[in-house]
Amino acid sequence: MTSPRKFLTRDDLAPLARAALGPHRTLAGVTRLRGGSKKGVYRLSLDDGSTVVAYVWSADEDYWDSGPSDLSDPFSAGSSLDVFTAAHDRLAAAGVRTPRLLYADATHALVPSDVAVTEDVTGGSLEEALDRDPVAGRAALERLAGELAALHAHEGAGFGKVVVVDNGGASAAGSCEERVAEGALRDIAFATGRDARIGAVADRLTERIGELGAAVRPRARHALIHGELGPDHVLLDGHGHPALIDIEGLMYFDVEWEHVFLELRFGPHYDVLRVPGLDEDRLRLYRLAMHLSLVAGPLRLLDGDFPFTESMRAIAEHNLVRVLDLVRR
């Protein structure tokens, strides 16, 4: 995208606020929240002092500029209203807290894009709580462990995105481990062209992915997982209870994929979330593949106009170091 991105204003979002909340409410202010790369997130402040959150799926809000997604790929961007509502409804059915959906509109009559309005969970993120008050943060983390146990207890008829599997569809990949290995090989090829350090070990990385993939035994069970659950993707309500956000990646998959990401993002706090019985062969494959993804993904964003370049470079560099460490073992 070469033209400047156009973000929404109070005037743009006023019709949405009226439709979602009724004519007795007036939109007093709008704040575009930082951090999203696939959709816009706006806090809508109302004249009675309350707030809600609006999600906007549009080309201007999508820094990946990825266009329509192939939803049969479990790892496709899948950033759209139908993916979001399917994930929201599945979490609600599983008894797992996520901000309550108040309104959704795909007509583009109010805003020229798909939009949704949810409750605003205002207790801050779990990441902030762990930094600010370790005791209260630990209690919230233990509650999250219970939520994850409930989430992972649910199984799908196959593996793939919730919006696909729950509607009788199937993933295009042969198995979870095959899809992860294929993605890792693509990430190696991409990163090789961006960083000489990856290029220098590309052959060994390719060989290592093959070795790790060959060690994984077939499995029929596929658990419901969030897919990208870090402490910044967990908000706390007024009672300190966790609510999951950025839910479009919700899918049925190997629970090991979830735990590799949890271990990476929660760091020293991961022990509270750790569970017994995980498949070590899957963990080894998925750990290397995850780090490769977190090298290639940020490098792709840096090819575009994503504004927070310093944080993306830091993520790519941290994970590149981990890739080099893992391939030398």
# chains A, B, ... in the order shown; residues from 1 in each chain; ligands from 1
call {"tool": "select_by_dssp", "arguments": {"residues": "segment 103-197 of chain A", "states": "strand (DSSP E or B)", "output": "list in words"}}
result
Tyr103, Ala104, Asp105, Asp114, Val115, Ala116, Val117, Thr118, Glu119, Ser125, Glu155, Gly160 and Lys161 of chain A
call {"tool": "write_last_selection", "arguments": {"atoms": "C-alpha atoms", "output": "PDB file, in the first residue's frame"}}
result
ATOM      1  CA  TYR A 103     -22.804  -5.761  18.100  1.00  0.00           C
ATOM      2  CA  ALA A 104     -21.453  -6.931  14.740  1.00  0.00           C
ATOM      3  CA  ASP A 105     -22.037  -5.555  11.261  1.00  0.00           C
ATOM      4  CA  ASP A 114     -16.584  -5.158   8.823  1.00  0.00           C
ATOM      5  CA  VAL A 115     -16.921  -4.022  12.445  1.00  0.00           C
ATOM      6  CA  ALA A 116     -17.711  -5.409  15.877  1.00  0.00           C
ATOM      7  CA  VAL A 117     -18.315  -3.772  19.244  1.00  0.00           C
ATOM      8  CA  THR A 118     -17.450  -5.540  22.503  1.00  0.00           C
ATOM      9  CA  GLU A 119     -17.423  -4.737  26.174  1.00  0.00           C
ATOM     10  CA  SER A 125      -3.534  -6.782  30.930  1.00  0.00           C
ATOM     11  CA  GLU A 155     -11.819 -31.304  20.964  1.00  0.00           C
ATOM     12  CA  GLY A 160      -7.971 -26.242  11.709  1.00  0.00           C
ATOM     13  CA  LYS A 161      -9.668 -22.937  12.325  1.00  0.00           C
TER      14      LYS A 161
END
call {"tool": "residues_around", "arguments": {"residues": "segment 168-182 of chain A", "least_positions_apart": "4", "cutoff": "12 Å", "atoms": "only C-alpha atoms", "output": "number ranges by chain"}}
result
A: 70-76, 156-164, 186-189, 205-223, 251-257, 279, 281-293
call {"tool": "closest_atom_pairs", "arguments": {"of": "segment 246-278 of chain A", "to": "segment 46-60 of chain A", "cutoff": "12 Å", "atoms": "only C-alpha atoms", "output": "JSON lines"}}
result
{"residue": "A:Asp246", "atom": "CA", "partner": "A:Tyr55", "partner_atom": "CA", "distance": 10.3}
{"residue": "A:Ile247", "atom": "CA", "partner": "A:Tyr55", "partner_atom": "CA", "distance": 11.9}
{"residue": "A:Glu248", "atom": "CA", "partner": "A:Trp57", "partner_atom": "CA", "distance": 11.7}
call {"tool": "residues_around", "arguments": {"residues": "Leu91 of chain A", "least_positions_apart": "3", "cutoff": "10 Å", "atoms": "only C-alpha atoms", "output": "tab-separated table (two decimals) with N, CA, C and O atoms, in the first residue's frame"}}
result
chain	number	residue	atom	x	y	z
A	85	THR	N	-16.34	-13.79	15.06
A	85	THR	CA	-17.59	-14.19	15.71
A	85	THR	C	-17.64	-15.69	15.97
A	85	THR	O	-18.16	-16.13	17.00
A	86	ALA	N	-17.09	-16.49	15.04
A	86	ALA	CA	-17.03	-17.93	15.27
A	86	ALA	C	-16.18	-18.26	16.49
A	86	ALA	O	-16.54	-19.11	17.32
A	87	ALA	N	-15.04	-17.57	16.62
A	87	ALA	CA	-14.17	-17.79	17.77
A	87	ALA	C	-14.85	-17.33	19.06
A	87	ALA	O	-14.79	-18.02	20.09
A	88	HIS	N	-15.49	-16.18	19.01
A	88	HIS	CA	-16.19	-15.67	20.19
A	88	HIS	C	-17.26	-16.65	20.66
A	88	HIS	O	-17.35	-16.99	21.86
A	94	ALA	N	-17.64	-22.86	25.35
A	94	ALA	CA	-16.69	-23.62	26.18
A	94	ALA	C	-16.60	-23.08	27.59
A	94	ALA	O	-15.92	-23.66	28.44
A	95	GLY	N	-17.27	-21.96	27.87
A	95	GLY	CA	-17.23	-21.36	29.20
A	95	GLY	C	-15.95	-20.61	29.48
A	95	GLY	O	-15.56	-20.43	30.65
A	96	VAL	N	-15.27	-20.15	28.42
A	96	VAL	CA	-14.00	-19.44	28.56
A	96	VAL	C	-14.26	-17.95	28.31
A	96	VAL	O	-14.82	-17.57	27.28
A	97	ARG	N	-13.84	-17.11	29.24
A	97	ARG	CA	-14.15	-15.68	29.20
A	97	ARG	C	-13.41	-14.97	28.07
A	97	ARG	O	-12.21	-15.13	27.88
A	98	THR	N	-14.16	-14.17	27.33
A	98	THR	CA	-13.63	-13.24	26.34
A	98	THR	C	-14.55	-12.04	26.37
A	98	THR	O	-15.71	-12.16	26.81
A	150	ALA	N	-9.89	-25.67	30.80
A	150	ALA	CA	-11.23	-25.80	30.23
A	150	ALA	C	-11.18	-25.69	28.71
A	150	ALA	O	-11.85	-26.45	27.99
A	151	LEU	N	-10.38	-24.77	28.20
A	151	LEU	CA	-10.24	-24.58	26.76
A	151	LEU	C	-9.71	-25.85	26.10
A	151	LEU	O	-10.28	-26.36	25.12
A	224	LEU	N	-8.85	-27.55	21.46
A	224	LEU	CA	-9.16	-26.15	21.19
A	224	LEU	C	-8.08	-25.29	21.82
A	224	LEU	O	-7.83	-25.36	23.02
A	225	ILE	N	-7.39	-24.47	21.00
A	225	ILE	CA	-6.30	-23.62	21.51
A	225	ILE	C	-6.47	-22.19	21.01
A	225	ILE	O	-7.09	-21.95	19.97
A	226	HIS	N	-5.91	-21.25	21.75
A	226	HIS	CA	-5.93	-19.84	21.35
A	226	HIS	C	-4.97	-19.60	20.19
A	226	HIS	O	-5.30	-18.92	19.23
A	244	LEU	N	-9.76	-13.55	27.41
A	244	LEU	CA	-8.85	-13.70	26.27
A	244	LEU	C	-9.25	-12.76	25.15
A	244	LEU	O	-10.43	-12.62	24.81
A	247	ILE	N	-8.60	-13.19	19.39
A	247	ILE	CA	-9.05	-14.58	19.39
A	247	ILE	C	-9.21	-15.18	17.99
A	247	ILE	O	-9.59	-16.35	17.87
A	250	LEU	N	-8.09	-18.75	17.06
A	250	LEU	CA	-8.65	-19.92	17.75
A	250	LEU	C	-8.81	-21.09	16.78
A	250	LEU	O	-9.37	-20.94	15.69
call {"tool": "closest_residue", "arguments": {"among": "A:Leu320, A:Arg265, A:Pro4, A:Pro15", "to": "Thr192 of chain A", "atoms": "only C-alpha atoms"}}
result
A:Leu320
